[in-house]
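work08.csv (CSV, C-alpha atoms) appears below.
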chain,number,residue,atom,x,y,z
A,1,MET,CA,2.5,15.0,13.7
A,2,SER,CA,6.0,14.0,14.8
A,3,ALA,CA,4.7,13.7,18.4
A,4,ALA,CA,2.1,11.2,17.3
A,5,PHE,CA,4.6,8.9,15.7
A,6,ASP,CA,7.1,9.4,18.5
A,7,ALA,CA,4.4,8.0,20.8
A,8,VAL,CA,3.9,4.8,18.9
A,9,ALA,CA,7.5,4.1,17.8
A,10,ALA,CA,8.3,1.7,20.7
A,11,ASN,CA,5.4,-0.6,19.9
A,12,TYR,CA,5.0,-0.1,16.2
A,13,ASP,CA,6.7,-3.3,15.1
A,14,ALA,CA,4.6,-5.4,17.5
A,15,SER,CA,1.3,-3.8,16.4
A,16,PHE,CA,2.0,-4.0,12.6
A,17,THR,CA,5.4,-5.0,11.3
A,18,ASP,CA,5.6,-8.3,13.1
A,19,THR,CA,2.0,-9.3,12.8
A,20,PRO,CA,1.0,-12.0,10.1
A,21,ILE,CA,-1.0,-9.4,8.2
A,22,GLY,CA,1.9,-6.9,8.3
A,23,ARG,CA,4.4,-9.5,7.1
A,24,ALA,CA,2.1,-10.6,4.3
A,25,GLN,CA,1.4,-7.1,3.0
A,26,ARG,CA,5.1,-6.1,3.2
A,27,ALA,CA,6.1,-9.3,1.3
A,28,ARG,CA,3.8,-8.1,-1.5
A,29,VAL,CA,5.6,-4.8,-1.6
A,30,TRP,CA,9.1,-6.4,-1.5
A,31,ARG,CA,8.2,-8.7,-4.4
A,32,SER,CA,7.3,-5.7,-6.5
A,33,LEU,CA,10.5,-3.8,-5.5
A,34,THR,CA,12.6,-6.9,-6.3
A,35,ARG,CA,11.2,-7.0,-9.9
A,36,LEU,CA,11.6,-3.2,-10.3
A,37,LEU,CA,15.2,-3.1,-9.1
A,38,ALA,CA,16.4,-6.3,-10.8
A,39,GLY,CA,19.2,-6.3,-13.3
A,40,ALA,CA,20.7,-2.8,-13.0
A,41,GLY,CA,23.1,-3.2,-10.1
A,42,PRO,CA,23.1,-1.3,-6.8
A,43,ARG,CA,20.7,1.7,-6.7
A,44,SER,CA,20.6,4.9,-4.6
A,45,LEU,CA,17.3,5.4,-2.8
A,46,LEU,CA,15.6,8.1,-0.8
A,47,GLU,CA,13.1,6.6,1.6
A,48,LEU,CA,10.3,8.9,2.9
A,49,ASN,CA,8.6,8.1,6.1
A,50,CYS,CA,11.0,5.2,6.9
A,51,GLY,CA,9.3,4.3,10.2
A,52,THR,CA,11.4,1.8,12.2
A,53,GLY,CA,13.7,1.0,9.2
A,54,VAL,CA,12.5,-2.4,8.2
A,55,ASP,CA,12.3,-1.5,4.5
A,56,ALA,CA,15.6,0.5,4.6
A,57,LEU,CA,17.4,-2.5,6.1
A,58,TRP,CA,15.9,-4.9,3.6
A,59,LEU,CA,16.9,-2.6,0.7
A,60,ALA,CA,20.5,-2.4,2.1
A,61,GLN,CA,20.6,-6.2,2.3
A,62,GLN,CA,19.8,-6.3,-1.4
A,63,GLY,CA,22.9,-4.2,-2.1
A,64,HIS,CA,21.4,-0.8,-2.4
A,65,THR,CA,22.2,2.4,-0.5
A,66,VAL,CA,19.4,4.2,1.3
A,67,GLN,CA,18.9,7.7,2.7
A,68,ALA,CA,16.1,7.0,5.2
A,69,THR,CA,14.0,10.0,6.4
A,70,ASP,CA,11.1,10.4,8.9
A,71,ILE,CA,9.5,13.3,10.7
A,72,SER,CA,9.7,11.3,14.0
A,73,SER,CA,13.0,11.4,15.9
A,74,ALA,CA,11.9,8.2,17.7
A,75,MET,CA,11.3,6.3,14.5
A,76,VAL,CA,14.6,7.5,13.1
A,77,ALA,CA,16.3,6.3,16.3
A,78,LYS,CA,14.7,2.8,15.9
A,79,THR,CA,16.0,2.8,12.3
A,80,GLN,CA,19.5,3.6,13.4
A,81,GLU,CA,19.4,0.9,16.1
A,82,ARG,CA,18.2,-1.7,13.5
A,83,VAL,CA,20.8,-0.7,10.9
A,84,ILE,CA,23.7,-0.7,13.4
A,85,ARG,CA,22.7,-4.2,14.7
A,86,SER,CA,22.7,-5.5,11.1
A,87,GLY,CA,26.2,-4.2,10.4
A,88,LEU,CA,25.0,-2.3,7.3
A,89,ALA,CA,25.4,1.2,8.6
A,90,GLU,CA,27.6,2.1,5.7
A,91,ARG,CA,24.6,1.6,3.3
A,92,VAL,CA,21.9,3.4,5.3
A,93,ARG,CA,22.0,7.0,6.4
A,94,THR,CA,19.2,8.6,8.4
A,95,THR,CA,17.8,12.1,8.6
A,96,CYS,CA,14.9,13.3,10.8
A,97,ILE,CA,13.0,15.7,8.5
A,98,ASP,CA,9.4,16.3,7.4
A,99,THR,CA,8.9,15.2,3.8
A,100,LEU,CA,7.6,18.7,2.8
A,101,ALA,CA,10.8,20.3,4.2
A,102,ILE,CA,13.0,18.3,1.8
A,103,ASP,CA,14.2,20.4,-1.1
A,104,PRO,CA,16.8,20.1,-3.9
A,105,THR,CA,19.5,21.3,-1.5
A,106,THR,CA,18.8,18.8,1.3
A,107,PHE,CA,21.0,16.0,-0.1
A,108,PRO,CA,24.2,16.4,-2.1
A,109,GLU,CA,23.2,14.1,-5.0
A,110,PRO,CA,20.0,12.9,-6.7
A,111,PHE,CA,18.6,9.4,-6.3
A,112,ASP,CA,17.6,6.6,-8.7
A,113,LEU,CA,14.4,6.0,-6.7
A,114,VAL,CA,12.3,7.7,-4.1
A,115,PHE,CA,10.3,5.2,-2.1
A,116,SER,CA,7.5,5.6,0.5
A,117,ASN,CA,5.7,2.6,2.1
A,118,PHE,CA,2.4,2.0,3.9
A,119,GLY,CA,0.6,5.3,3.8
A,120,GLY,CA,3.4,7.7,4.7
A,121,LEU,CA,2.2,10.0,1.9
A,122,ASN,CA,-1.3,9.9,3.3
A,123,CYS,CA,-0.1,12.2,6.0
A,124,ILE,CA,0.1,15.0,3.4
A,125,ALA,CA,-3.0,16.8,2.0
A,126,GLY,CA,-3.5,16.2,-1.7
A,127,GLU,CA,-2.7,19.7,-2.9
A,128,ALA,CA,0.5,19.9,-0.9
A,129,LEU,CA,1.6,16.4,-2.1
A,130,VAL,CA,1.0,17.3,-5.8
A,131,ALA,CA,2.8,20.7,-5.4
A,132,TRP,CA,5.9,19.1,-3.8
A,133,SER,CA,5.9,16.2,-6.2
A,134,LEU,CA,5.9,18.5,-9.2
A,135,GLU,CA,8.3,21.1,-7.9
A,136,VAL,CA,10.8,19.2,-5.8
A,137,LEU,CA,10.6,15.5,-6.6
A,138,PRO,CA,12.0,15.8,-10.1
A,139,GLN,CA,15.1,17.6,-8.8
A,140,LEU,CA,15.7,14.7,-6.3
A,141,LEU,CA,15.7,12.1,-9.1
A,142,ARG,CA,18.3,11.3,-11.7
A,143,PRO,CA,17.1,11.3,-15.3
A,144,GLY,CA,14.7,8.4,-15.8
A,145,GLY,CA,14.3,7.9,-12.0
A,146,SER,CA,11.1,6.8,-10.4
A,147,MET,CA,8.9,7.3,-7.3
A,148,VAL,CA,7.4,4.2,-5.9
A,149,ALA,CA,4.8,4.7,-3.2
A,150,VAL,CA,2.4,2.5,-1.3
A,151,ILE,CA,-0.7,4.7,-0.5
A,152,MET,CA,-4.1,4.2,0.9
A,153,PRO,CA,-6.9,5.0,-1.6
A,154,ARG,CA,-10.3,6.6,-0.9
A,155,HIS,CA,-12.2,3.3,-0.9
A,156,CYS,CA,-11.4,-0.1,0.7
A,157,LEU,CA,-13.6,-3.1,0.3
A,158,TRP,CA,-12.3,-4.7,3.5
A,159,GLU,CA,-13.0,-1.6,5.4
A,160,GLY,CA,-16.6,-1.6,4.2
A,161,LEU,CA,-16.9,-5.2,5.5
A,162,TYR,CA,-15.3,-4.4,8.8
A,163,PHE,CA,-17.7,-1.6,9.7
A,164,THR,CA,-20.7,-3.5,8.4
A,165,LEU,CA,-19.8,-6.5,10.6
A,166,ARG,CA,-19.6,-4.1,13.6
A,167,GLY,CA,-23.0,-2.7,12.8
A,168,GLN,CA,-21.6,0.7,11.7
A,169,GLN,CA,-23.3,0.9,8.4
A,170,ARG,CA,-22.8,4.7,8.1
A,171,ARG,CA,-19.0,4.2,8.1
A,172,PRO,CA,-18.2,1.6,5.5
A,173,PHE,CA,-16.6,4.2,3.2
A,174,ARG,CA,-15.4,6.6,5.8
A,175,ARG,CA,-12.2,7.4,3.8
A,176,ASP,CA,-14.4,9.2,1.3
A,177,GLN,CA,-15.5,11.7,3.9
A,178,GLY,CA,-12.3,13.8,3.7
A,179,PRO,CA,-9.3,13.9,6.1
A,180,LEU,CA,-9.7,11.7,9.1
A,181,ALA,CA,-8.0,11.6,12.5
A,182,ALA,CA,-6.5,8.1,12.2
A,183,GLN,CA,-5.8,6.2,15.4
A,184,LEU,CA,-2.2,5.1,15.7
A,185,GLY,CA,-2.4,3.6,19.2
A,186,GLU,CA,-1.2,4.8,22.6
A,187,GLY,CA,-3.9,7.5,22.3
A,188,ALA,CA,-2.1,9.1,19.3
A,189,GLN,CA,-3.9,10.4,16.2
A,190,VAL,CA,-2.7,11.7,12.9
A,191,ARG,CA,-4.6,13.6,10.3
A,192,THR,CA,-4.9,11.4,7.2
A,193,TRP,CA,-5.9,12.1,3.6
A,194,TYR,CA,-6.7,9.4,1.1
A,195,HIS,CA,-5.3,9.6,-2.5
A,196,ASP,CA,-6.6,7.4,-5.4
A,197,SER,CA,-4.0,6.1,-7.8
A,198,ALA,CA,-5.9,7.3,-10.9
A,199,TRP,CA,-6.1,10.8,-9.4
A,200,LEU,CA,-2.5,10.9,-8.5
A,201,ALA,CA,-1.3,9.8,-11.9
A,202,ARG,CA,-3.4,12.5,-13.6
A,203,ALA,CA,-2.2,15.2,-11.2
A,204,LEU,CA,1.5,14.4,-11.8
A,205,ALA,CA,1.2,13.7,-15.5
A,206,ALA,CA,3.0,16.9,-16.5
A,207,ARG,CA,6.3,15.5,-15.0
A,208,PHE,CA,5.8,11.8,-14.5
A,209,GLU,CA,4.6,8.8,-16.5
A,210,LEU,CA,2.6,6.0,-14.9
A,211,ARG,CA,4.5,2.8,-15.2
A,212,ARG,CA,2.5,0.5,-12.9
A,213,ARG,CA,-0.1,0.3,-10.2
A,214,HIS,CA,-1.6,-2.6,-8.3
A,215,PRO,CA,-3.4,-3.3,-5.1
A,216,ILE,CA,-1.7,-4.2,-1.8
A,217,GLY,CA,-4.5,-5.7,0.3
A,218,ILE,CA,-7.3,-6.3,-2.0
A,219,ALA,CA,-7.8,-9.8,-0.5
A,220,LEU,CA,-5.4,-9.5,2.4
A,221,PRO,CA,-7.2,-7.6,5.2
A,222,PRO,CA,-6.0,-4.3,6.8
A,223,SER,CA,-3.8,-4.5,9.9
A,224,TYR,CA,-6.6,-3.8,12.3
A,225,PHE,CA,-8.0,-7.3,11.5
A,226,HIS,CA,-5.2,-8.7,13.5
A,227,GLY,CA,-6.7,-11.1,16.1
A,228,HIS,CA,-10.1,-11.2,14.2
A,229,ARG,CA,-11.4,-14.6,13.2
A,230,LEU,CA,-11.2,-13.5,9.6
A,231,ALA,CA,-7.4,-13.2,10.0
A,232,GLN,CA,-6.7,-16.5,11.7
A,233,PRO,CA,-4.0,-18.7,10.1
A,234,ALA,CA,-6.3,-20.8,7.9
A,235,ALA,CA,-8.3,-17.7,6.7
A,236,LEU,CA,-5.1,-15.7,6.1
A,237,ARG,CA,-3.7,-18.5,3.9
A,238,LEU,CA,-6.9,-18.2,1.8
A,239,TRP,CA,-6.6,-14.4,1.6
A,240,GLN,CA,-2.9,-14.7,0.5
A,241,GLY,CA,-3.9,-17.1,-2.3
A,242,LEU,CA,-6.6,-14.7,-3.5
A,243,GLU,CA,-4.1,-11.8,-3.3
A,244,GLN,CA,-1.8,-13.7,-5.6
A,245,LEU,CA,-4.7,-14.1,-8.1
A,246,LEU,CA,-6.0,-10.5,-7.8
A,247,GLY,CA,-3.0,-8.5,-6.8
A,248,GLY,CA,-1.8,-7.7,-10.3
A,249,GLN,CA,-5.1,-6.1,-11.4
A,250,ALA,CA,-4.6,-2.3,-11.8
A,251,ILE,CA,-8.3,-1.8,-11.9
A,252,LEU,CA,-8.5,-2.9,-8.2
A,253,ALA,CA,-5.9,-0.6,-6.9
A,254,ASP,CA,-8.3,2.1,-5.8
A,255,TRP,CA,-10.5,-0.5,-3.8
A,256,SER,CA,-7.7,-2.1,-1.7
A,257,ASP,CA,-6.2,-1.3,1.7
A,258,HIS,CA,-3.2,0.2,-0.1
A,259,TYR,CA,-1.9,0.3,-3.6
A,260,LEU,CA,1.6,0.4,-5.1
A,261,ILE,CA,2.3,3.0,-7.8
A,262,GLN,CA,5.4,3.6,-9.8
A,263,LEU,CA,5.7,7.0,-11.5
A,264,THR,CA,8.8,7.6,-13.7
A,265,LEU,CA,10.3,11.0,-14.4
A,266,SER,CA,9.4,11.9,-18.0
A,267,GLY,CA,11.7,13.6,-20.6
Whole structure given in structure tokens:
Amino acid sequence: MSAAFDAVAANYDASFTDTPIGRAQRARVWRSLTRLLAGAGPRSLLELNCGTGVDALWLAQQGHTVQATDISSAMVAKTQERVIRSGLAERVRTTCIDTLAIDPTTFPEPFDLVFSNFGGLNCIAGEALVAWSLEVLPQLLRPGGSMVAVIMPRHCLWEGLYFTLRGQQRRPFRRDQGPLAAQLGEGAQVRTWYHDSAWLARALAARFELRRRHPIGIALPPSYFHGHRLAQPAALRLWQGLEQLLGGQAILADWSDHYLIQLTLSG
């Protein structure tokens, strides 16, 4: 899996981060994080699947400290470059490591928050994700700490529209067919599992309480709509307005491109 993400690291920002859709979806995530982190001073965060470091840098700019991790050495190198250019290297540390290889001894102190954005946890099979989250994650968090993750669910209304428009009626809910070989670009693929928010909350209920969940991309289209007429500037403004109206509805979380979920350590 690391080789697949190494292959796309150089062009990842151009193909997603810096596109209008990518910026709009990330803005939704940042608004949620701003509300969640407000009022309690600087926090210590562990970021899983940090990619090219856009979120780690933004969190550091808000005054927080971040331990950014990724399985891809090329992605970690991009993160390091971004952080050094910003002058915030004292607030962001990086480690190249597989999420499932992280254990309670990996870092010297626990964190206030563990964060993963845009489907990083979809690279882990459901059973393995639940086992790691129940056994290891509680030991990585301080009492009352939370995990906040942005994950792809098993169904996506936009995806159904996309494949229907392309005449591929057999694929509108392809995510429901089990793990898929997702195309990353540059010929790279990565095996991908889809996890519904309701399922994840139930699976982790023994150690975590569900605090919030809401859609990211119920009206905003997925990133592969970049360049499509349905994602032209006028249309994108319409989708952004609808996202504002619908984006707080928890019931829609499992029908969007991604959803944001906050699970807080109980006890």
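Distance-wise, atom CA of Leu204 of chain A and atom CA of Val148 of chain A end up 13.2 Å apart.
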Next item on the list: Find, counting only C-alpha atoms, the residue in A:Gly53, A:Pro20, A:Gly267, A:Pro104 that gets nearest to Glu209 of chain A.
Entry: A:Gly267
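Distances from A:Arg207, A:Leu238, A:Ala4, A:Gln262 to Gly187 of chain A were compared using all atoms listed in the file, and the smallest one belongs to A:Ala4.
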Next item on the list: Could you give me, as a list of chain:residue names, the residues within 6 Å of segment 60-64 of chain A, counting all atoms listed in the file and dropping anything in the same chain fewer than 5 positions from it?
Entry: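 Residues meeting the cut-off are A:Pro42, A:Arg43, A:Arg91.
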Item checked: Point-to-point distance in Å for atom CA of Gln168 of chain A and atom CA of Thr17 of chain A ->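 These two atoms are separated by 27.6 Å.
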Notebook entry, point to check: From the set A:Leu140, A:Val130, A:Met147, A:Cys123, which residue has the shortest atom-to-atom contact distance to Leu200 of chain A, counting only C-alpha atoms?
Noted result: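 Closest to Leu200 of chain A, using only C-alpha atoms: A:Val130.
Computed from the coordinates, the atom CA of Leu45 of chain A to atom CA of Phe115 of chain A distance equals 7.0 Å.
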Note to self: Show me, as a PyMOL selection string, the residues that have an atom within 9 Å of Thr79 of chain A when counting only C-alpha atoms, minus same-chain residues fewer than 6 positions from it.
What the structure shows: chain A and resi 50-54+56-57+68+94
Restricting the output to C-alpha atoms, write the selected residues as an mmCIF file, in the frame of the given file.
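The resulting file, again_32.cif, is shown below:
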data_model
loop_
_atom_site.group_PDB
_atom_site.id
_atom_site.type_symbol
_atom_site.label_atom_id
_atom_site.label_comp_id
_atom_site.auth_asym_id
_atom_site.auth_seq_id
_atom_site.Cartn_x
_atom_site.Cartn_y
_atom_site.Cartn_z
ATOM 1 C CA CYS A 50 11.000 5.200 6.900
ATOM 2 C CA GLY A 51 9.300 4.300 10.200
ATOM 3 C CA THR A 52 11.400 1.800 12.200
ATOM 4 C CA GLY A 53 13.700 1.000 9.200
ATOM 5 C CA VAL A 54 12.500 -2.400 8.200
ATOM 6 C CA ALA A 56 15.600 0.500 4.600
ATOM 7 C CA LEU A 57 17.400 -2.500 6.100
ATOM 8 C CA ALA A 68 16.100 7.000 5.200
ATOM 9 C CA THR A 94 19.200 8.600 8.400
#
Item checked: Which of A:Leu180, A:Pro233, A:Pro222, A:Asp196 sits closest to Gly22 of chain A [using all atoms listed in the file] ->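 Among the listed residues, the smallest separation from Gly22 of chain A belongs to A:Pro222.
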